[in-house]
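**Q** Input structure: model-v3.txt, which contains compact mmCIF, C-alpha atoms.
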```
# COMPACT_ATOMS: atom_id res chain seq x y z
CA MET C 1 -4.36 -4.85 7.09
CA LYS C 2 -1.43 -4.42 9.48
CA THR C 3 1.03 -5.67 6.88
CA ASN C 4 3.54 -3.10 5.65
CA LEU C 5 3.71 -3.10 1.86
CA SER C 6 5.72 -0.79 -0.35
CA ALA C 7 3.90 0.99 -3.19
CA TYR C 8 5.38 -1.47 -5.71
CA GLN C 9 4.55 -4.53 -3.59
CA SER C 10 0.96 -3.39 -3.18
CA ARG C 11 0.42 -2.77 -6.89
CA VAL C 12 2.04 -6.04 -7.99
CA LEU C 13 0.05 -7.94 -5.36
CA TRP C 14 -3.22 -6.49 -6.65
CA ALA C 15 -2.26 -7.49 -10.19
CA ILE C 16 -1.49 -11.07 -9.11
CA TRP C 17 -4.76 -11.19 -7.18
CA ARG C 18 -6.63 -10.02 -10.29
CA LYS C 19 -4.97 -12.63 -12.54
CA THR C 20 -5.62 -15.48 -10.10
CA TYR C 21 -8.68 -15.17 -7.86
CA GLY C 22 -10.14 -12.57 -10.23
CA TRP C 23 -10.44 -15.42 -12.72
CA HIS C 24 -11.29 -18.07 -10.10
CA LYS C 25 -7.78 -19.52 -10.21
CA LYS C 26 -5.51 -20.34 -7.28
CA ALA C 27 -2.38 -19.84 -9.40
CA ASP C 28 -1.51 -18.67 -12.88
CA TRP C 29 1.46 -18.15 -15.17
CA ILE C 30 1.88 -14.37 -15.31
CA ALA C 31 4.56 -12.90 -17.52
CA ASN C 32 6.53 -9.92 -16.19
CA SER C 33 5.49 -8.00 -19.31
CA THR C 34 1.85 -8.50 -18.27
CA LEU C 35 2.57 -7.09 -14.81
CA VAL C 36 4.40 -4.15 -16.41
CA GLU C 37 1.32 -3.39 -18.51
CA MET C 38 -1.07 -3.76 -15.56
CA THR C 39 0.92 -1.70 -13.05
CA GLY C 40 3.01 0.73 -15.09
CA ILE C 41 6.10 -0.41 -13.16
CA SER C 42 9.32 -1.06 -15.10
CA LYS C 43 10.34 -4.68 -15.76
CA GLY C 44 13.40 -4.47 -13.51
CA HIS C 45 11.33 -3.28 -10.56
CA ILE C 46 8.70 -5.97 -11.26
CA SER C 47 11.31 -8.73 -10.95
CA ARG C 48 12.69 -7.30 -7.71
CA THR C 49 9.22 -6.77 -6.24
CA ILE C 50 8.12 -10.34 -6.98
CA LYS C 51 11.32 -11.58 -5.33
CA GLU C 52 10.53 -9.48 -2.24
CA LEU C 53 6.94 -10.79 -2.08
CA LYS C 54 8.25 -14.37 -2.33
CA MET C 55 10.80 -13.70 0.42
CA ARG C 56 7.95 -12.44 2.58
CA ASN C 57 5.91 -15.56 1.69
CA ILE C 58 2.99 -13.40 0.57
CA VAL C 59 3.37 -14.74 -2.97
CA THR C 60 4.36 -18.32 -3.72
CA ASN C 61 5.20 -20.08 -6.93
CA SER C 62 4.55 -23.57 -8.23
CA GLY C 63 6.73 -24.13 -11.26
CA ASN C 64 6.23 -21.03 -13.41
CA LYS C 65 2.90 -20.15 -11.81
CA LEU C 66 2.43 -17.40 -9.21
CA ALA C 67 -0.08 -17.66 -6.38
CA PHE C 68 -1.34 -15.45 -3.54
CA ASN C 69 -0.71 -17.05 -0.13
CA LYS C 70 -3.99 -16.69 1.77
CA ASP C 71 -2.47 -17.90 5.05
CA TYR C 72 -1.36 -14.50 6.38
CA GLN C 73 0.14 -16.10 9.49
CA GLN C 74 2.93 -17.33 7.21
CA TRP C 75 3.69 -13.83 5.95
CA ARG C 76 6.82 -12.14 7.25
CA GLU C 77 8.61 -8.83 7.12
CA LEU C 78 11.83 -8.49 5.16
CA PRO C 79 14.58 -8.90 7.78
CA TYR C 80 16.77 -5.97 6.90
CA ARG C 81 14.82 -2.74 7.24
CA VAL C 82 11.86 -1.15 8.98
CA ARG C 83 11.38 2.56 8.16
CA GLY C 84 14.99 2.78 7.05
CA TYR C 85 16.59 1.33 10.21
CA PRO C 86 17.60 -2.27 11.05
CA ILE C 87 15.02 -4.20 13.09
CA GLY C 88 15.35 -3.39 16.79
CA GLN C 89 17.63 -0.40 16.12
CA LYS C 90 17.14 2.34 18.69
CA VAL C 91 17.38 5.91 17.47
CA THR C 92 17.50 9.30 19.13
CA PRO C 93 14.69 11.87 18.48
CA SER C 94 16.96 13.44 15.85
CA GLY C 95 17.28 10.11 14.05
CA LYS C 96 20.82 9.13 15.12
CA LYS C 97 21.38 5.43 15.76
CA VAL C 98 22.10 4.18 19.30
CA THR C 99 24.80 1.53 19.69
CA PRO C 100 24.30 -1.57 21.96
CA SER C 101 26.43 0.13 24.61
CA GLY C 102 24.08 3.12 24.64
CA GLY C 103 26.30 5.53 22.75
CA VAL C 104 25.18 7.53 19.74
CA LYS C 105 26.44 6.17 16.46
CA ARG C 106 27.70 8.78 14.05
CA ASN C 107 26.23 8.75 10.59
CA SER C 108 28.54 7.57 7.83
CA SER C 109 29.55 10.04 5.12
CA LYS C 110 27.26 8.18 2.70
CA GLU C 111 24.27 8.55 5.04
CA THR C 112 25.08 12.24 5.54
CA LEU C 113 25.20 12.83 1.79
CA GLN C 114 21.90 10.98 1.34
CA LYS C 115 20.21 13.12 4.00
CA LYS C 116 21.54 16.28 2.36
CA LEU C 117 20.21 15.10 -1.00
CA TYR C 118 16.77 14.41 0.47
CA ILE C 119 16.70 17.89 1.98
CA VAL C 120 17.87 19.48 -1.29
CA LEU C 121 15.05 17.77 -3.22
CA SER C 122 12.51 18.81 -0.56
CA GLN C 123 13.79 22.37 -0.64
CA ARG C 124 13.55 22.41 -4.44
CA LEU C 125 9.82 21.71 -4.38
CA GLY C 126 9.25 24.14 -1.51
CA GLU C 127 11.14 27.02 -3.10
CA LEU C 128 9.34 26.55 -6.44
CA ILE C 129 6.00 26.81 -4.62
CA LEU C 130 7.16 29.86 -2.64
CA LYS C 131 8.07 31.61 -5.90
CA ARG C 132 4.37 31.65 -6.74
CA LYS C 133 3.14 32.33 -3.20
CA PRO C 134 5.85 33.70 -0.87
CA ASP C 135 3.51 33.76 2.15
CA PHE C 136 2.37 30.13 1.89
CA LYS C 137 2.21 29.28 5.62
CA VAL C 138 2.43 25.48 5.35
CA ILE C 139 5.50 25.69 3.12
CA LEU C 140 7.13 28.35 5.30
CA LYS C 141 6.60 26.08 8.30
CA GLN C 142 8.45 23.27 6.51
CA LYS C 143 11.23 25.68 5.56
CA LYS C 144 11.60 26.81 9.17
CA LYS C 145 11.96 23.16 10.25
CA GLY C 146 14.70 22.66 7.67
CA TRP C 147 12.47 20.54 5.38
CA ILE C 148 13.06 17.58 7.71
CA ASP C 149 9.52 16.13 7.39
CA TRP C 150 9.57 16.34 3.62
CA ALA C 151 13.07 14.87 3.53
CA ASN C 152 11.78 11.76 5.29
CA ASP C 153 9.11 11.36 2.59
CA ILE C 154 11.82 11.68 -0.06
CA ARG C 155 13.77 8.97 1.78
CA LEU C 156 10.73 6.68 1.60
CA MET C 157 10.42 7.38 -2.12
CA VAL C 158 14.04 6.35 -2.65
CA GLU C 159 14.32 3.43 -0.21
CA ILE C 160 10.79 1.99 -0.31
CA ASP C 161 9.43 3.02 -3.72
CA ASN C 162 12.81 2.58 -5.47
CA ARG C 163 12.71 6.04 -7.06
CA ASP C 164 15.90 7.50 -8.45
CA PRO C 165 16.76 10.98 -7.02
CA LYS C 166 17.37 12.29 -10.55
CA GLN C 167 13.96 10.96 -11.53
CA ILE C 168 12.39 12.74 -8.52
CA LYS C 169 14.09 16.04 -9.42
CA GLU C 170 12.83 15.88 -13.01
CA VAL C 171 9.25 15.21 -11.90
CA ILE C 172 9.39 18.03 -9.32
CA ASP C 173 10.57 20.49 -11.99
CA TRP C 174 7.96 19.35 -14.50
CA CYS C 175 4.96 19.36 -12.18
CA GLN C 176 5.78 22.88 -10.97
CA GLU C 177 5.86 24.13 -14.56
CA ASP C 178 2.58 22.48 -15.52
CA ASN C 179 -0.42 24.79 -15.13
CA PHE C 180 -2.64 22.05 -13.73
CA TRP C 181 -0.28 20.06 -11.52
CA GLN C 182 1.59 22.99 -9.96
CA ASN C 183 -1.42 23.78 -7.76
CA ASN C 184 -2.15 20.13 -6.99
CA ILE C 185 1.33 19.05 -5.87
CA LEU C 186 1.99 21.20 -2.82
CA SER C 187 3.81 18.67 -0.64
CA ILE C 188 6.19 15.73 -0.97
CA THR C 189 3.43 13.45 0.36
CA LYS C 190 1.21 14.41 -2.59
CA LEU C 191 4.18 14.09 -4.95
CA ARG C 192 4.79 10.54 -3.73
CA LYS C 193 1.13 9.59 -4.08
CA GLN C 194 0.83 10.91 -7.65
CA PHE C 195 4.37 10.14 -8.80
CA ASP C 196 3.64 7.48 -11.41
CA LYS C 197 0.85 9.54 -12.95
CA LEU C 198 3.09 12.63 -13.05
CA GLU C 199 5.99 10.77 -14.63
CA LEU C 200 3.80 9.19 -17.30
CA LYS C 201 2.16 12.53 -18.11
CA SER C 202 5.50 14.35 -18.33
CA LYS C 203 6.86 11.72 -20.72
CA GLU C 204 3.70 11.89 -22.80
CA ILE C 205 3.98 15.67 -23.16
CA LYS C 206 7.68 15.45 -23.99
CA GLU C 207 6.94 12.94 -26.75
CA GLU C 208 4.18 15.16 -28.14
CA SER C 209 6.49 18.19 -28.19
CA LYS C 210 8.90 16.32 -30.46
CA TRP C 211 6.27 16.31 -33.18
CA LEU C 212 5.37 20.00 -32.91
```
Would you mind giving the structure from this file in structure tokens?
**A**
Amino acid sequence: MKTNLSAYQSRVLWAIWRKTYGWHKKADWIANSTLVEMTGISKGHISRTIKELKMRNIVTNSGNKLAFNKDYQQWRELPYRVRGYPIGQKVTPSGKKVTPSGGVKRNSSKETLQKKLYIVLSQRLGELILKRKPDFKVILKQKKKGWIDWANDIRLMVEIDNRDPKQIKEVIDWCQEDNFWQNNILSITKLRKQFDKLELKSKEIKEESKWL
């Protein structure tokens, strides 16, 4: 229960569990197309997620068969990132990295652009909500803070959930135009939680509109 799993890792792991122990098997040959159908995750992300789970020793393979490793003491974290920073990396309260000598490491231009993009996407959702209710206190509080909390959730969507920023923007725009979802998606946290459902629904409606 203390194991950190990304959204994709969790969903793929449940699917593997269902195809193995759900059928009283220790291991089974599971095609990527089957996992795509079960989880709704694209094939490319399925392959990468399985690789990550194998690297963490949570999933093992024997030949072409996948298995869930019940011995959790053998599980491990991926070595390169924890919450977006290298393992053991000290950061200031504002999120700037601290060098081994104790100095503050300046963000690279790429990191700066990424942070700006996360804030822009957060602001986009917030401003669309404020158009409908200009005195929305929770949203105004986020705006006053510079959308920094929401921006961190966007970062998690990009770095942990493997969402494309363009994909996030399209879903934000769609959900705030939809009569049902516009009043149900009032934060980036809720957007992240419902993202797959929103994306599937938006695509479904777009396909239907082609036939009208």
**Q** Just to confirm, what's the straight-line distance from atom CA of Trp75 of chain C to atom CA of Asn57 of chain C in Å (one decimal)?
**A**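 So the answer is 5.1 Å.
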**Q** Report as a list in words all protein, DNA and RNA residues lying within 7 Å of segment 6-16 of chain C, evaluated on all atoms listed in the file, omitting residues in the same chain fewer than 2 positions from it.
**A**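 Contacts, with the query itself left out: Asn4, Arg18, Lys19, Thr20, Leu35, Met38, Thr39, Thr49, Leu53, Ile160 and Asp161 of chain C.
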**Q** In terms of the shortest atom-to-atom distance over all atoms listed in the file, which of C:Lys116, C:Leu186, C:Lys26, C:Gly40 is closest to Val138 of chain C?
**A**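 Using all atoms listed in the file, Val138 of chain C sits closest to C:Leu186.
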**Q** To one decimal place, how far is atom CA of Lys133 of chain C from atom CA of Cys175 of chain C in Å?
**A** 15.9 Å
**Q** Rounded to one decimal in Å, what is the spacing between atom CA of Phe68 of chain C and atom CA of Ala31 of chain C?
**A**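 So the two atoms, atom CA of Phe68 of chain C and atom CA of Ala31 of chain C, lie 15.4 Å apart.
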**Q** Which one of C:Leu128, C:Leu198, C:Leu140, C:Met1 sits closest to Tyr72 of chain C if you count all atoms listed in the file?
**A** C:Met1
**Q** As a ChimeraX atom specification, please: the residues near Ala67 of chain C (cut-off 8 Å, all atoms listed in the file, same-chain neighbours under 2 positions excluded).
**A** /C:16,20,26-28,59-62,65,69
**Q** Write a file of the just-selected residues containing C-alpha atoms, as a PDB file, keeping the file's coordinate frame.
**A**
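Output contents, as saved in selection.pdb:
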```pdb
ATOM      1  CA  ILE C  16      -1.490 -11.070  -9.110  1.00  0.00           C
ATOM      2  CA  THR C  20      -5.620 -15.480 -10.100  1.00  0.00           C
ATOM      3  CA  LYS C  26      -5.510 -20.340  -7.280  1.00  0.00           C
ATOM      4  CA  ALA C  27      -2.380 -19.840  -9.400  1.00  0.00           C
ATOM      5  CA  ASP C  28      -1.510 -18.670 -12.880  1.00  0.00           C
ATOM      6  CA  VAL C  59       3.370 -14.740  -2.970  1.00  0.00           C
ATOM      7  CA  THR C  60       4.360 -18.320  -3.720  1.00  0.00           C
ATOM      8  CA  ASN C  61       5.200 -20.080  -6.930  1.00  0.00           C
ATOM      9  CA  SER C  62       4.550 -23.570  -8.230  1.00  0.00           C
ATOM     10  CA  LYS C  65       2.900 -20.150 -11.810  1.00  0.00           C
ATOM     11  CA  ASN C  69      -0.710 -17.050  -0.130  1.00  0.00           C
TER      12      ASN C  69
END
```
**Q** Quick one: of C:Gln194, C:Ser209, C:Gln176, C:Asn32, who's nearest to Leu66 of chain C, counting all atoms listed in the file?
**A**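 Among the listed residues, the smallest separation from Leu66 of chain C belongs to C:Asn32.
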**Q** Using all atoms listed in the file, which of C:Trp150, C:Leu117, C:Met55, C:Glu177 sits nearest Lys131 of chain C?
**A**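 For Lys131 of chain C, the nearest of the candidates is C:Glu177.
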**Q** Taking (6.5, 20.0, -1.3) in the file's own coordinates, collect the residues within 12 Å, counting all atoms listed in the file, and hand them back as a ChimeraX atom specification.
**A** /C:118-130,136,138-143,147-154,168-169,171-173,175-176,182-192
**Q** Between C:Leu156, C:Leu5, C:Leu113, C:Ile41, which residue has the minimum interatomic distance to Asp196 of chain C, considering only C-alpha atoms?
**A**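 Among C:Leu156, C:Leu5, C:Leu113, C:Ile41, it is C:Ile41 that comes nearest to Asp196 of chain C.
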**Q** Hey, which of C:Asn179, C:Ile30, C:Asp164, C:Ile58 ends up closest to Asp71 of chain C? Count only C-alpha atoms.
**A** C:Ile58
